[in-house]
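This report concerns only the one structure given below.
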Amino acid sequence: KVISATGALFAPRNLEQLLAGILEQVAALLVPREHTIFFLARPPLFASTPDVAGEGPTPVVLAATGRYAAHAGMPLDAVLEDAELRAIESAARPGCWTFVGEHGLFGFDIGEPTLPALFLEDARALTEWERQTVALFCSSAAMALRNQRLYLEREELLASFARFVPQEFITLLAREDIRRLRLGDHQVRELAVCFLDVEGFTARSEALGPAGVFALLNRIFGAIGPVATRHGGTIDKYMGDGVMVLFPGGAADAVRAAVGIQEAIQALNADPDL
């Protein structure tokens, strides 16, 4: 039963589905018993930097069953009495059961300071065999959570790379992702290239100063970038106040993008604060 329950956690899913799946499988392991269960942690559960993780003012109910099902997403202090809250906050330990009155907590060791935990009402009523079965499953579920964290970190890393090397550019090189790129990779194909430049930028930048120049360019690039992308363009590079955009679909896409960009720039020019 534990092997079957664990296998269900490693199917592709998002974090919300994974947490709900953990509760669902724990409940299935305890059938025919019925228990109220919830999963709690200090938000955010995963964070890109250690000094951000687990800094929430109080743990949050991330997923729940039974009479706590409607409390998912709520702070724990809005769900439990103060005395229960303090007892739970101080009781959780990674990788083992601890008890608060008749209730039980199993802490998930996922290498984060959030220390997520499974709360099981009336856990003392379980047999030792049932507690060990749930503990074995929860240890495997902790691995699934670590895998989820690694997946999210990978997606975050790829998204960071995409700010400098767009995924569309990698696709033009017939590669699936940036890890497949090799020095000298190239493709020979016909496409349209559009160069954009800000009129009178040099004189204006001298009057604005560094901070003003960055603010101006961010406004301009923030306006024209989505228009170019919407018409099939891929921004190849920014060159000071200039932009080079590739259009694999040909000149028609480039012309439509140019018209849309002119309209976006006209709207910017009408802004008295620009």
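Each chain in the structure tokens gets a letter, A, B and so on, in the order shown; residues start at 1 in every chain, and ligands are counted from 1 in the order they appear.
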Quiz item: If you count only C-alpha atoms, which residues fall within 6 Å of stretch 113-118 of chain A, apart from same-chain ones fewer than 2 positions away, as number ranges by chain?
Solution: A: 38-42, 54, 105-108
Exercise. Name the residues of stretch 4-198 of chain A that come out as alpha helix (DSSP H) in a backbone DSSP run; write them as a ChimeraX atom specification.
Key: /A:4-7,15-29,82-91,128-162,167-172
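Shortest atom-to-atom contact with A:Val188 among A:Ala174, A:Leu120, A:Ala72, A:Met143: A:Ala174, counting only C-alpha atoms.
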Self-check item: Nearby residues (only C-alpha atoms) at most 12 Å from A:Gln148, same-chain spacing under 6 positions excluded, as a list in words
Solution: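 My list of contacting residues is Leu9, Phe10, Ala11, Pro12, Arg13, Asn14, Leu15, Glu16, Gln17, Leu18, Leu19, Leu45, Phe46, Ile110, Ala141, Ala142, Arg154 and Glu155 of chain A.
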Quiz item: Leaving out A:Asp236 and any residue of its chain fewer than 4 positions from it, which residues lie within 12 Å of it when counting only C-alpha atoms, given as a list in words?
Solution: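 The residues satisfying every condition are Ala162, Arg163, Phe164, Val165, Pro166, Gln167, Glu168, Phe169, Ile170, Leu172, Val193, Cys194, Phe195, Leu196, Gly225, Ala228, Thr229, Gly242, Val243, Met244, Val245, Leu246, Phe247 and Pro248 of chain A.
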Those selected residues, please, written with C-alpha atoms and delivered as a tab-separated table (two decimals), in the first residue's frame.
```tsv
chain	number	residue	atom	x	y	z
A	162	ALA	CA	15.51	33.40	-21.02
A	163	ARG	CA	15.87	37.05	-20.00
A	164	PHE	CA	19.23	37.05	-21.83
A	165	VAL	CA	18.75	34.26	-24.40
A	166	PRO	CA	15.05	34.01	-25.35
A	167	GLN	CA	13.59	30.51	-25.79
A	168	GLU	CA	12.45	31.56	-29.27
A	169	PHE	CA	16.08	32.19	-30.23
A	170	ILE	CA	17.05	28.72	-29.00
A	172	LEU	CA	15.53	29.06	-34.14
A	193	VAL	CA	15.48	41.49	-39.53
A	194	CYS	CA	14.16	44.73	-38.06
A	195	PHE	CA	16.38	47.37	-36.42
A	196	LEU	CA	14.80	49.94	-34.13
A	225	GLY	CA	8.83	44.31	-26.89
A	228	ALA	CA	7.22	42.64	-31.65
A	229	THR	CA	6.59	39.31	-29.91
A	242	GLY	CA	18.59	50.15	-30.36
A	243	VAL	CA	16.88	46.78	-30.73
A	244	MET	CA	17.43	44.01	-33.26
A	245	VAL	CA	14.37	41.82	-33.87
A	246	LEU	CA	14.22	38.64	-35.93
A	247	PHE	CA	11.07	37.60	-37.80
A	248	PRO	CA	11.23	33.95	-38.94
```
Quiz item: Looking only at the backbone, which of the residues in stretch 21-264 of chain A does DSSP tag as strand (DSSP E or B), as a count of residues only?
Solution: 42
Practice problem: Pick out the residues sitting within 7 Å of stretch 249-263 of chain A, and hand them over as number ranges by chain; count only C-alpha atoms, and ignore anything fewer than 2 positions along from it in its own chain. | Solution: A: 191-192, 194, 224, 227-228, 231-232, 247, 265-267
Same residues, N, CA and C atoms, output as a PDB file, in the first residue's frame:
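Resulting contents of selection04.pdb:
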```
ATOM      1  N   LEU A 191      14.872  34.926 -43.122  1.00  0.00           N
ATOM      2  CA  LEU A 191      14.002  35.622 -42.189  1.00  0.00           C
ATOM      3  C   LEU A 191      14.171  37.121 -42.367  1.00  0.00           C
ATOM      4  N   ALA A 192      13.286  37.875 -41.764  1.00  0.00           N
ATOM      5  CA  ALA A 192      13.363  39.333 -41.827  1.00  0.00           C
ATOM      6  C   ALA A 192      14.012  39.840 -40.544  1.00  0.00           C
ATOM      7  N   CYS A 194      14.627  43.360 -38.267  1.00  0.00           N
ATOM      8  CA  CYS A 194      14.163  44.728 -38.064  1.00  0.00           C
ATOM      9  C   CYS A 194      15.052  45.411 -37.024  1.00  0.00           C
ATOM     10  N   ILE A 224       7.541  48.331 -26.721  1.00  0.00           N
ATOM     11  CA  ILE A 224       7.701  47.757 -28.065  1.00  0.00           C
ATOM     12  C   ILE A 224       7.953  46.246 -28.037  1.00  0.00           C
ATOM     13  N   VAL A 227       4.823  44.072 -28.506  1.00  0.00           N
ATOM     14  CA  VAL A 227       4.271  44.234 -29.856  1.00  0.00           C
ATOM     15  C   VAL A 227       5.061  43.383 -30.844  1.00  0.00           C
ATOM     16  N   ALA A 228       6.382  43.444 -30.753  1.00  0.00           N
ATOM     17  CA  ALA A 228       7.224  42.638 -31.650  1.00  0.00           C
ATOM     18  C   ALA A 228       6.950  41.157 -31.451  1.00  0.00           C
ATOM     19  N   HIS A 231       3.711  39.776 -32.961  1.00  0.00           N
ATOM     20  CA  HIS A 231       3.723  39.604 -34.423  1.00  0.00           C
ATOM     21  C   HIS A 231       4.788  38.600 -34.871  1.00  0.00           C
ATOM     22  N   GLY A 232       5.209  37.731 -33.965  1.00  0.00           N
ATOM     23  CA  GLY A 232       6.131  36.664 -34.348  1.00  0.00           C
ATOM     24  C   GLY A 232       7.593  37.035 -34.291  1.00  0.00           C
ATOM     25  N   PHE A 247      12.409  38.043 -37.440  1.00  0.00           N
ATOM     26  CA  PHE A 247      11.065  37.597 -37.799  1.00  0.00           C
ATOM     27  C   PHE A 247      11.176  36.371 -38.698  1.00  0.00           C
ATOM     28  N   ILE A 265       4.634  53.698 -29.739  1.00  0.00           N
ATOM     29  CA  ILE A 265       5.511  54.845 -29.479  1.00  0.00           C
ATOM     30  C   ILE A 265       4.724  56.143 -29.479  1.00  0.00           C
ATOM     31  N   GLN A 266       3.730  56.252 -30.364  1.00  0.00           N
ATOM     32  CA  GLN A 266       2.883  57.448 -30.381  1.00  0.00           C
ATOM     33  C   GLN A 266       2.136  57.598 -29.058  1.00  0.00           C
ATOM     34  N   ALA A 267       1.690  56.472 -28.509  1.00  0.00           N
ATOM     35  CA  ALA A 267       1.009  56.523 -27.217  1.00  0.00           C
ATOM     36  C   ALA A 267       1.970  56.970 -26.105  1.00  0.00           C
TER      37      ALA A 267
END
```
Quiz prompt | For A:Met74: contacts at 7 Å, only C-alpha atoms, fewer than 2 positions along chain excluded, given as a ChimeraX atom specification | solution = /A:60-61,71-72,76,78
Quiz item: Quick one: of A:Asp271, A:Ile178, A:Ala83, A:Gln187, who's nearest to A:Arg219, counting only C-alpha atoms?
Solution: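 With only C-alpha atoms as the atom set, the closest residue is A:Asp271.
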